[in-house]
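So this one's work_23.txt, compact mmCIF, C-alpha atoms:
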```
# COMPACT_ATOMS: atom_id res chain seq x y z
CA MET F 196 104.93 119.80 96.35
CA ALA F 197 103.40 116.33 96.38
CA ALA F 198 100.02 115.86 94.79
CA SER F 199 97.10 115.40 97.12
CA PHE F 200 93.54 114.41 96.67
CA ALA F 201 92.03 116.84 99.13
CA SER F 202 89.50 119.32 97.80
CA VAL F 203 91.88 122.27 97.85
CA PRO F 204 93.59 124.26 95.07
CA THR F 205 96.71 122.06 95.00
CA PHE F 206 97.56 118.80 93.30
CA SER F 207 94.76 116.28 93.70
CA PHE F 208 94.20 112.53 93.68
CA VAL F 209 90.50 112.64 93.65
CA ASN F 210 93.42 112.69 91.65
CA SER F 211 104.41 89.72 78.23
CA SER F 212 105.76 87.90 76.04
CA ARG F 213 109.36 88.70 76.77
CA PHE F 214 111.56 86.62 78.99
CA PRO F 215 112.44 88.21 82.32
CA ARG F 216 115.66 90.16 82.30
CA LYS F 217 116.65 88.57 85.56
CA THR F 218 115.11 86.36 88.18
CA ILE F 219 114.07 88.18 91.32
CA ASP F 220 112.95 86.45 94.50
CA PHE F 221 109.35 87.53 95.12
CA SER F 222 109.80 88.10 98.80
CA CYS F 223 110.63 90.78 101.26
CA SER F 224 113.64 90.24 103.43
CA LYS F 225 113.67 90.39 107.20
CA LYS F 226 116.85 91.32 109.02
CA PRO F 227 119.22 89.57 108.96
CA LEU F 228 118.36 88.90 105.30
CA GLU F 229 115.84 86.17 105.91
CA VAL F 230 113.54 85.57 102.94
CA ARG F 231 110.28 86.77 104.33
CA CYS F 232 108.37 90.02 104.50
CA CYS F 233 107.57 90.49 108.15
CA SER F 234 107.02 88.55 111.33
CA GLY F 235 103.32 89.33 111.50
CA ASN F 236 100.42 87.70 109.66
CA SER F 237 100.12 89.44 106.28
CA ASN F 238 96.45 88.54 106.07
CA ASN F 239 95.77 90.90 108.96
CA ILE F 240 97.46 93.93 107.41
CA ARG F 241 94.41 95.16 105.55
CA GLU F 242 92.15 94.59 108.56
CA ASN F 243 94.42 96.76 110.66
CA LYS F 244 94.05 99.60 108.17
CA GLN F 245 90.29 99.86 108.31
CA ARG F 246 89.01 103.01 109.99
CA GLY F 247 85.72 101.88 111.43
CA THR F 248 82.37 101.16 109.81
CA PHE F 249 79.96 103.44 108.04
CA SER F 250 76.20 103.64 108.16
CA SER F 251 75.82 104.24 104.45
CA LEU F 252 77.83 104.27 101.26
CA LYS F 253 77.35 108.01 100.83
CA GLU F 254 78.73 108.64 104.30
CA CYS F 255 81.55 106.27 103.42
CA ALA F 256 82.53 108.29 100.35
CA VAL F 257 82.70 111.51 102.30
CA SER F 258 84.52 109.85 105.19
CA LEU F 259 87.11 108.49 102.78
CA ALA F 260 87.53 111.93 101.26
CA LEU F 261 88.05 113.41 104.72
CA SER F 262 90.56 110.73 105.63
CA VAL F 263 92.40 111.19 102.38
CA GLY F 264 92.51 114.91 102.99
CA LEU F 265 94.63 114.20 106.03
CA ILE F 266 97.29 112.78 103.75
CA ALA F 267 97.88 116.02 101.89
CA SER F 268 100.63 118.31 103.10
CA VAL F 269 98.16 121.19 103.10
CA PRO F 270 96.23 123.14 105.72
CA SER F 271 93.35 121.36 107.41
CA ILE F 272 89.99 121.47 105.67
CA THR F 273 86.67 122.57 107.10
CA LEU F 274 83.79 121.12 105.14
CA PRO F 275 80.66 123.20 104.62
CA PRO F 276 77.38 122.15 106.25
CA ASN F 277 76.21 120.63 102.95
CA ALA F 278 79.30 118.45 102.58
CA TYR F 279 77.24 115.34 101.97
CA ALA F 280 75.24 117.10 99.29
CA VAL F 281 78.48 118.21 97.63
CA ALA F 282 79.65 114.62 97.48
CA ASN F 283 76.39 113.28 96.12
CA PRO F 284 76.79 114.27 92.45
CA ALA F 285 79.58 111.72 92.14
CA ILE F 286 77.24 109.02 93.46
CA PRO F 287 73.73 110.23 92.47
CA ASP F 288 72.03 106.91 93.08
CA VAL F 289 74.26 104.38 94.76
CA SER F 290 71.72 101.59 94.50
CA VAL F 291 71.80 101.53 90.72
CA LEU F 292 75.59 101.63 90.49
CA ILE F 293 76.29 98.38 92.30
CA SER F 294 75.92 95.40 89.99
CA GLY F 295 77.37 92.86 92.39
CA PRO F 296 80.21 92.25 94.83
CA PRO F 297 83.34 94.00 93.59
CA ILE F 298 86.21 91.90 92.26
CA LYS F 299 89.16 92.60 94.53
CA ASP F 300 91.87 90.30 93.23
CA PRO F 301 94.28 92.23 90.99
CA GLY F 302 94.92 89.22 88.77
CA ALA F 303 91.20 88.72 88.21
CA LEU F 304 90.72 92.41 87.42
CA LEU F 305 93.47 92.23 84.82
CA ARG F 306 92.07 89.08 83.25
CA TYR F 307 88.58 90.53 82.96
CA ALA F 308 90.04 93.75 81.52
CA LEU F 309 91.56 92.04 78.48
CA PRO F 310 90.00 93.17 75.18
CA ILE F 311 88.49 89.81 74.22
CA ASP F 312 84.99 88.56 73.53
CA ASN F 313 85.06 84.81 74.00
CA LYS F 314 82.25 83.43 76.09
CA ALA F 315 83.72 79.94 76.24
CA ILE F 316 86.91 80.91 78.07
CA ARG F 317 85.02 83.21 80.42
CA GLU F 318 82.82 80.25 81.39
CA VAL F 319 85.98 78.35 82.27
CA GLN F 320 87.45 81.29 84.14
CA LYS F 321 84.51 82.19 86.40
CA PRO F 322 84.26 78.98 88.48
CA LEU F 323 88.04 78.99 88.91
CA GLU F 324 87.90 82.58 90.17
CA ASP F 325 85.04 81.51 92.47
CA ILE F 326 87.40 79.17 94.32
CA THR F 327 88.40 82.26 96.29
CA ASP F 328 84.87 82.47 97.69
CA SER F 329 84.76 78.72 98.29
CA LEU F 330 87.83 79.01 100.51
CA LYS F 331 85.92 81.36 102.80
CA ILE F 332 84.07 78.28 104.07
CA ALA F 333 85.64 77.04 107.29
CA GLY F 334 87.82 73.96 107.42
CA VAL F 335 87.89 71.11 104.93
CA LYS F 336 84.23 71.66 104.09
CA ALA F 337 85.51 74.26 101.64
CA LEU F 338 87.02 71.48 99.56
CA ASP F 339 83.64 70.15 98.48
CA SER F 340 82.80 73.55 97.03
CA VAL F 341 86.23 73.77 95.40
CA GLU F 342 85.64 70.41 93.75
CA ARG F 343 82.37 71.65 92.27
CA ASN F 344 84.15 74.76 90.97
CA VAL F 345 86.86 72.73 89.26
CA ARG F 346 84.50 70.17 87.75
CA GLN F 347 82.32 72.96 86.37
CA ALA F 348 85.35 74.64 84.82
CA SER F 349 86.55 71.32 83.38
CA ARG F 350 83.17 70.65 81.76
CA SER F 351 83.09 74.14 80.32
CA LEU F 352 86.57 73.67 78.87
CA GLN F 353 85.65 70.42 77.17
CA GLN F 354 82.40 71.82 75.80
CA GLY F 355 83.90 75.08 74.61
CA LYS F 356 87.39 74.03 73.55
CA SER F 357 86.74 74.44 69.82
CA MET F 358 85.45 77.99 70.38
CA ILE F 359 88.43 78.79 72.57
CA VAL F 360 90.94 77.50 70.01
CA ALA F 361 89.14 79.40 67.26
CA GLY F 362 89.58 82.58 69.27
CA PHE F 363 93.39 82.47 69.28
CA ALA F 364 95.31 85.03 67.25
CA GLU F 365 96.97 83.21 64.37
CA SER F 366 100.49 83.94 65.60
CA LYS F 367 99.68 82.72 69.11
CA LYS F 368 97.85 79.43 68.42
CA ASP F 369 100.72 77.13 69.38
CA HIS F 370 101.25 78.90 72.69
CA GLY F 371 97.50 78.97 73.32
CA ASN F 372 97.18 75.22 72.81
CA GLU F 373 100.12 74.69 75.16
CA MET F 374 98.32 76.78 77.79
CA ILE F 375 95.16 74.66 77.36
CA GLU F 376 97.17 71.49 78.02
CA LYS F 377 98.68 73.04 81.16
CA LEU F 378 95.24 74.19 82.30
CA GLU F 379 93.79 70.69 81.90
CA ALA F 380 96.69 69.16 83.83
CA GLY F 381 96.41 71.83 86.51
CA MET F 382 92.73 71.14 87.08
CA GLN F 383 93.46 67.43 87.43
CA ASP F 384 96.11 68.30 90.00
CA MET F 385 93.55 70.39 91.85
CA LEU F 386 91.10 67.49 91.99
CA LYS F 387 93.87 65.34 93.48
CA ILE F 388 94.54 68.05 96.09
CA VAL F 389 90.85 68.01 96.99
CA GLU F 390 90.82 64.21 97.16
CA ASP F 391 93.79 64.29 99.53
CA ARG F 392 92.03 67.00 101.60
CA LYS F 393 95.01 69.37 101.41
CA ARG F 394 93.22 72.64 101.94
CA ASP F 395 96.39 74.74 102.20
CA ALA F 396 97.49 73.64 98.73
CA VAL F 397 94.34 74.94 97.02
CA ALA F 398 95.12 78.67 96.84
CA PRO F 399 98.61 78.30 95.31
CA LYS F 400 97.29 75.83 92.74
CA GLN F 401 94.37 78.14 91.94
CA LYS F 402 96.81 80.98 91.27
CA GLU F 403 98.81 78.74 88.93
CA ILE F 404 95.72 77.55 87.04
CA LEU F 405 94.45 81.09 86.60
CA ARG F 406 97.82 82.10 85.15
CA TYR F 407 97.15 79.54 82.42
CA VAL F 408 93.66 80.97 81.91
CA GLY F 409 95.16 84.45 81.64
CA GLY F 410 97.70 83.16 79.14
CA ILE F 411 94.93 81.64 77.02
CA GLU F 412 93.03 84.91 77.10
CA GLU F 413 96.07 86.99 76.20
CA ASP F 414 96.66 84.70 73.22
CA MET F 415 93.26 85.82 71.92
CA VAL F 416 94.39 89.44 71.62
CA ASP F 417 95.58 90.08 68.08
CA GLY F 418 97.68 93.23 68.15
CA PHE F 419 96.59 96.50 69.70
CA PRO F 420 92.82 96.85 69.30
CA TYR F 421 92.36 100.56 68.51
CA GLU F 422 93.99 103.81 67.40
CA VAL F 423 95.01 106.30 70.06
CA PRO F 424 93.73 109.84 69.28
CA GLU F 425 96.02 111.73 66.96
CA GLU F 426 97.01 114.37 69.50
CA TYR F 427 98.54 111.68 71.74
CA ARG F 428 99.82 109.34 69.04
CA ASN F 429 103.45 110.45 69.25
CA MET F 430 103.70 110.14 73.02
CA PRO F 431 105.17 107.04 74.67
CA LEU F 432 102.37 104.46 74.36
CA LEU F 433 102.13 101.03 75.95
CA LYS F 434 100.33 98.96 73.31
CA GLY F 435 99.70 95.91 75.43
CA ARG F 436 100.94 95.02 78.89
CA ALA F 437 104.22 95.15 80.75
CA SER F 438 105.44 94.01 84.14
CA VAL F 439 107.92 95.81 86.37
CA ASP F 440 109.54 95.04 89.70
CA MET F 441 109.79 97.86 92.21
CA LYS F 442 112.41 97.25 94.90
CA VAL F 443 111.98 99.37 98.01
CA LYS F 444 114.47 99.82 100.84
CA ILE F 445 112.49 100.14 104.06
CA LYS F 446 113.89 102.27 106.88
CA ASP F 447 113.14 102.25 110.59
CA ASN F 448 111.24 98.97 110.51
CA PRO F 449 112.73 96.08 112.49
CA ASN F 450 110.56 93.55 110.66
CA VAL F 451 111.02 94.47 107.02
CA GLU F 452 114.29 95.49 105.35
CA GLU F 453 113.36 95.53 101.68
CA CYS F 454 110.55 94.36 99.46
CA VAL F 455 110.02 93.73 95.75
CA PHE F 456 106.62 94.57 94.35
CA ARG F 457 105.54 93.14 90.99
CA ILE F 458 103.37 95.63 89.09
CA VAL F 459 101.43 94.84 85.91
CA LEU F 460 100.83 97.88 83.69
CA ASP F 461 97.75 97.72 81.47
CA GLY F 462 98.26 99.51 78.17
CA TYR F 463 95.15 98.00 76.63
CA ASN F 464 93.00 100.23 78.79
CA ALA F 465 95.40 103.11 79.51
CA PRO F 466 98.05 103.20 76.76
CA VAL F 467 99.07 106.84 77.25
CA THR F 468 99.25 106.73 81.06
CA ALA F 469 100.97 103.34 81.24
CA GLY F 470 103.33 104.29 78.40
CA ASN F 471 104.33 107.49 80.16
CA PHE F 472 105.15 105.60 83.35
CA LEU F 473 107.07 102.82 81.60
CA ASP F 474 109.08 105.40 79.68
CA LEU F 475 109.99 107.09 82.97
CA VAL F 476 110.97 103.71 84.42
CA GLU F 477 113.40 103.20 81.55
CA ARG F 478 114.80 106.67 82.22
CA HIS F 479 115.42 105.49 85.84
CA PHE F 480 113.35 108.49 86.93
CA TYR F 481 112.07 106.76 90.08
CA ASP F 482 115.34 105.05 91.10
CA GLY F 483 116.54 106.48 94.40
CA MET F 484 113.32 108.44 94.96
CA ASP F 485 111.67 108.48 98.38
CA ILE F 486 108.18 107.34 99.20
CA GLN F 487 106.64 110.79 99.68
CA ARG F 488 103.31 109.97 101.28
CA SER F 489 101.93 107.02 103.22
CA ASP F 490 99.15 107.05 105.73
CA GLY F 491 97.21 103.83 105.41
CA PHE F 492 95.03 105.04 102.56
CA VAL F 493 97.60 105.77 99.91
CA VAL F 494 101.28 105.39 99.08
CA GLN F 495 102.63 108.04 96.72
CA THR F 496 105.82 109.00 94.92
CA GLY F 497 106.99 110.74 91.75
CA ASP F 498 107.55 114.35 92.84
CA PRO F 499 111.11 115.19 91.75
CA GLU F 500 113.48 117.40 93.71
CA GLY F 501 113.31 121.09 92.94
CA PRO F 502 110.42 123.33 91.98
CA ALA F 503 109.06 121.06 89.23
CA GLU F 504 106.08 118.93 90.19
CA GLY F 505 106.53 116.47 87.36
CA PHE F 506 108.94 115.13 84.76
CA ILE F 507 110.78 117.80 82.77
CA ASP F 508 111.33 116.50 79.24
CA PRO F 509 114.94 117.40 78.31
CA SER F 510 113.97 117.78 74.66
CA THR F 511 111.44 120.54 75.43
CA GLU F 512 112.56 121.70 78.89
CA LYS F 513 108.89 121.62 79.83
CA THR F 514 106.82 119.37 82.09
CA ARG F 515 105.51 116.39 80.17
CA THR F 516 101.88 115.81 80.99
CA VAL F 517 99.39 113.13 80.04
CA PRO F 518 95.61 113.39 79.61
CA LEU F 519 93.09 111.89 81.97
CA GLU F 520 92.39 108.48 80.42
CA ILE F 521 89.39 106.35 81.42
CA MET F 522 88.23 103.16 79.67
CA VAL F 523 84.59 102.22 80.20
CA THR F 524 83.13 98.74 79.84
CA GLY F 525 81.54 98.38 76.42
CA ASN F 526 83.67 101.08 74.80
CA LYS F 527 86.39 100.27 72.29
CA THR F 528 88.52 103.31 73.17
CA PRO F 529 89.12 105.31 76.36
CA PHE F 530 87.63 108.70 77.14
CA TYR F 531 90.24 111.46 77.27
CA GLY F 532 90.28 114.75 79.14
CA SER F 533 87.01 114.41 81.10
CA THR F 534 85.86 112.61 84.19
CA LEU F 535 82.88 110.29 83.87
CA GLU F 536 81.00 112.66 86.16
CA GLU F 537 81.63 115.51 83.73
CA LEU F 538 80.42 113.31 80.88
CA GLY F 539 77.26 112.44 82.82
CA LEU F 540 78.15 108.73 82.79
CA TYR F 541 77.23 108.00 86.39
CA LYS F 542 76.29 104.37 85.74
CA ALA F 543 79.28 103.51 83.56
CA GLN F 544 81.53 100.67 84.71
CA VAL F 545 85.24 101.36 84.40
CA MET F 546 87.49 98.61 83.08
CA LEU F 547 90.16 99.26 85.70
CA PRO F 548 88.38 100.05 88.99
CA PHE F 549 89.82 101.10 92.33
CA ASN F 550 88.92 97.72 93.81
CA ALA F 551 92.20 96.01 94.57
CA PHE F 552 94.62 96.71 97.39
CA GLY F 553 97.50 98.30 95.50
CA THR F 554 95.53 99.79 92.61
CA MET F 555 97.96 102.10 90.79
CA ALA F 556 96.85 105.44 89.34
CA MET F 557 98.11 108.80 88.13
CA ALA F 558 97.93 111.86 90.37
CA ARG F 559 96.93 115.21 88.86
CA GLU F 560 95.95 118.75 89.72
CA GLU F 561 92.47 119.01 91.17
CA PHE F 562 91.00 121.30 88.50
CA GLU F 563 93.19 120.22 85.56
CA ASN F 564 92.20 116.81 84.25
CA ASP F 565 95.13 116.60 81.84
CA SER F 566 97.89 117.56 84.29
CA GLY F 567 99.23 114.11 85.25
CA SER F 568 102.99 113.77 84.80
CA SER F 569 105.14 111.59 87.05
CA GLN F 570 103.36 111.47 90.41
CA VAL F 571 101.66 108.12 90.98
CA PHE F 572 99.86 106.51 93.88
CA TRP F 573 98.79 103.12 95.12
CA LEU F 574 95.49 102.92 96.92
CA LEU F 575 95.33 100.99 100.19
CA LYS F 576 91.75 100.26 101.13
CA GLU F 577 89.06 97.66 101.70
CA SER F 578 86.71 97.33 98.77
CA GLU F 579 83.70 97.01 101.05
CA LEU F 580 84.17 100.65 102.04
CA THR F 581 83.87 101.90 98.48
CA PRO F 582 82.10 99.31 96.31
CA SER F 583 82.74 99.09 92.61
CA ASN F 584 81.75 102.25 90.74
CA SER F 585 80.09 103.88 93.73
CA ASN F 586 83.21 105.50 95.15
CA ILE F 587 84.80 108.89 94.70
CA LEU F 588 87.76 107.70 92.61
CA ASP F 589 86.45 105.53 89.76
CA GLY F 590 86.10 107.60 86.63
CA ARG F 591 87.99 110.56 88.08
CA TYR F 592 91.55 109.24 88.15
CA ALA F 593 93.39 107.14 85.58
CA VAL F 594 94.14 103.64 86.83
CA PHE F 595 96.84 101.99 84.73
CA GLY F 596 97.98 98.96 86.72
CA TYR F 597 97.89 96.80 89.80
CA VAL F 598 100.44 95.42 92.24
CA THR F 599 100.10 91.66 91.83
CA ASP F 600 102.78 90.36 94.23
CA ASN F 601 103.47 91.49 97.79
CA GLU F 602 100.73 94.11 97.57
CA ASP F 603 99.88 93.70 101.27
CA PHE F 604 103.30 95.03 102.20
CA LEU F 605 102.60 98.39 100.62
CA ALA F 606 100.97 99.12 103.96
CA ASP F 607 104.39 98.83 105.64
CA LEU F 608 105.92 101.61 103.55
CA LYS F 609 106.54 104.96 105.20
CA VAL F 610 107.61 108.41 104.08
CA GLY F 611 111.36 108.33 103.55
CA ASP F 612 111.57 104.70 102.46
CA VAL F 613 113.57 104.56 99.23
CA ILE F 614 112.70 103.07 95.85
CA GLU F 615 116.05 101.48 95.04
CA SER F 616 114.99 100.58 91.51
CA ILE F 617 112.10 99.84 89.18
CA GLN F 618 113.08 97.33 86.49
CA VAL F 619 111.13 96.08 83.49
CA VAL F 620 110.54 92.34 83.65
CA SER F 621 108.51 91.88 80.47
CA GLY F 622 106.57 93.78 77.84
CA LEU F 623 109.09 96.49 76.96
CA GLU F 624 108.62 95.60 73.30
CA ASN F 625 105.04 96.89 73.64
CA LEU F 626 106.26 100.44 74.34
CA ALA F 627 105.88 102.61 71.25
CA ASN F 628 107.60 106.00 70.83
CA PRO F 629 109.98 105.57 73.77
CA SER F 630 111.50 108.92 74.56
CA TYR F 631 114.23 107.42 76.74
CA LYS F 632 116.02 106.30 73.56
CA ILE F 633 116.33 109.89 72.37
CA ALA F 634 119.67 111.43 73.25
CA GLY F 635 119.44 114.06 75.96
```
Structure encoded using structure tokens:
Amino acid sequence: MAASFASVPTFSFVNSSRFPRKTIDFSCSKKPLEVRCCSGNSNNIRENKQRGTFSSLKECAVSLALSVGLIASVPSITLPPNAYAVANPAIPDVSVLISGPPIKDPGALLRYALPIDNKAIREVQKPLEDITDSLKIAGVKALDSVERNVRQASRSLQQGKSMIVAGFAESKKDHGNEMIEKLEAGMQDMLKIVEDRKRDAVAPKQKEILRYVGGIEEDMVDGFPYEVPEEYRNMPLLKGRASVDMKVKIKDNPNVEECVFRIVLDGYNAPVTAGNFLDLVERHFYDGMDIQRSDGFVVQTGDPEGPAEGFIDPSTEKTRTVPLEIMVTGNKTPFYGSTLEELGLYKAQVMLPFNAFGTMAMAREEFENDSGSSQVFWLLKESELTPSNSNILDGRYAVFGYVTDNEDFLADLKVGDVIESIQVVSGLENLANPSYKIAG
């Protein structure tokens, strides 16, 4: 039975340093094998998935829960008259939980989630991330704002370069300095784009520049920053990050034949959860598996054939489960086994929030926090409906990655579409205690 996140006694939702193994075209193919994802405008996909507006955030949370409940393959749910009151403990005071507009870009979320403390590089990063907001201005007028963003970032880089270089891990200094040179050249290229008034060239160049920023920031991480609790220390652990490509064969869709989704797994903030998934990927556990749920709010898979609802470890002949794992801003290690609501941490900010379209998390049983195994889901939503840390998912379910390429096309997936393969692109060397190497 597939996990759900309805409030019923079943499974619940409310539950790179390695060279690529092979080059994969980051596109989805349209019949007959044209290199594109679909004939429609991908920018409109998310808009088409919105389900109306809400008069308040608290109503929004309950409405989302109701909508999500429709996804579960379970009997319909009748909420009690005090349904809104039931939902309120998860959002006791919405006004104090919102610190600003949520960051929705998966790349930005991953950059900000790196375990570094270097003010100088963050001062370079922020105005470059802000180019996204500048591009919301109509026409070429946006370019003036983009120019200010780039010049601010360039000044910050020059003023803080010595602090940035000093922040590099010793073994990564050469690569870090190379990334700084590429960043400087990239910002000069951006200024030339602005001068030539080529608005359409801004977003691709921004993405390239921010990859350099991310590379600089990753070069500041010196090894894995903490010890995983002893009881989980022998499990597959992702001590760093890894990237995988998920290739999906899409049925009964005249516009899209197949699509490759790049997923970045974050072991810095969820080493047990991400390690468990990467280990299953190397076991080819998901290859050939159907998409088992898709209804505009969530895409889900991972329920194997037969009575088992998770991965059966051949060495124990028992279901392998992982603990609920939540990293909070300001903490050096994740919380295990408890939701933030259970811990009374209503105002805590999670490092990996359910903000981005294609946020990836572990499904689990509703009343068993440590029951996650192999069932995973990708959230499809608009962040405005559930702002950062005022929704019903943050702090209750373990996020361990984001889809960073072709995420919009998750919305095209339907039940019965087939995951042809998930292949590791980079970061496999960061997987400790891989069980897939054990015979049997």
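Shortest separation to Asn625 in chain F among F:Tyr592, F:Tyr597, F:Tyr463, F:Tyr407 occurs at residue F:Tyr463, atoms counted being all atoms listed in the file.
For the pair CA of Ser340 in chain F and CA of Ile298 in chain F, the interatomic distance is 19.3 Å.
Omitting range 599-615 of chain F and its sequence neighbours fewer than 3 positions away, and counting all atoms listed in the file, the residues within 6 Å are Pro301, Lys442, Val443, Lys444, Ile445, Lys446, Phe456, Arg457, Ile458, Asp482, Gly483, Met484, Asp485, Ile486, Gln487, Arg488, Ser489 and Gly553 of chain F.
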Generate a file of the selected residues that holds C-alpha atoms, formatted as a PDB file, in the coordinates of the input.
```pdb
ATOM      1  CA  PRO F 301      94.280  92.230  90.990  1.00  0.00           C
ATOM      2  CA  LYS F 442     112.410  97.250  94.900  1.00  0.00           C
ATOM      3  CA  VAL F 443     111.980  99.370  98.010  1.00  0.00           C
ATOM      4  CA  LYS F 444     114.470  99.820 100.840  1.00  0.00           C
ATOM      5  CA  ILE F 445     112.490 100.140 104.060  1.00  0.00           C
ATOM      6  CA  LYS F 446     113.890 102.270 106.880  1.00  0.00           C
ATOM      7  CA  PHE F 456     106.620  94.570  94.350  1.00  0.00           C
ATOM      8  CA  ARG F 457     105.540  93.140  90.990  1.00  0.00           C
ATOM      9  CA  ILE F 458     103.370  95.630  89.090  1.00  0.00           C
ATOM     10  CA  ASP F 482     115.340 105.050  91.100  1.00  0.00           C
ATOM     11  CA  GLY F 483     116.540 106.480  94.400  1.00  0.00           C
ATOM     12  CA  MET F 484     113.320 108.440  94.960  1.00  0.00           C
ATOM     13  CA  ASP F 485     111.670 108.480  98.380  1.00  0.00           C
ATOM     14  CA  ILE F 486     108.180 107.340  99.200  1.00  0.00           C
ATOM     15  CA  GLN F 487     106.640 110.790  99.680  1.00  0.00           C
ATOM     16  CA  ARG F 488     103.310 109.970 101.280  1.00  0.00           C
ATOM     17  CA  SER F 489     101.930 107.020 103.220  1.00  0.00           C
ATOM     18  CA  GLY F 553      97.500  98.300  95.500  1.00  0.00           C
TER      19      GLY F 553
END
```
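We find CA of Val408 in chain F and CA of Leu433 in chain F to be spaced 22.6 Å apart.
Those residues that approach Gly334 in chain F to within 12 Å, counting all atoms listed in the file, are Ser329, Leu330, Lys331, Ala337, Leu338, Asp339, Ser340, Arg392, Lys393, Arg394 and Asp395 of chain F; same-chain residues fewer than 3 positions away are not listed.
From CA of Val439 in chain F back to CA of Val459 in chain F, the distance works out to 6.6 Å.
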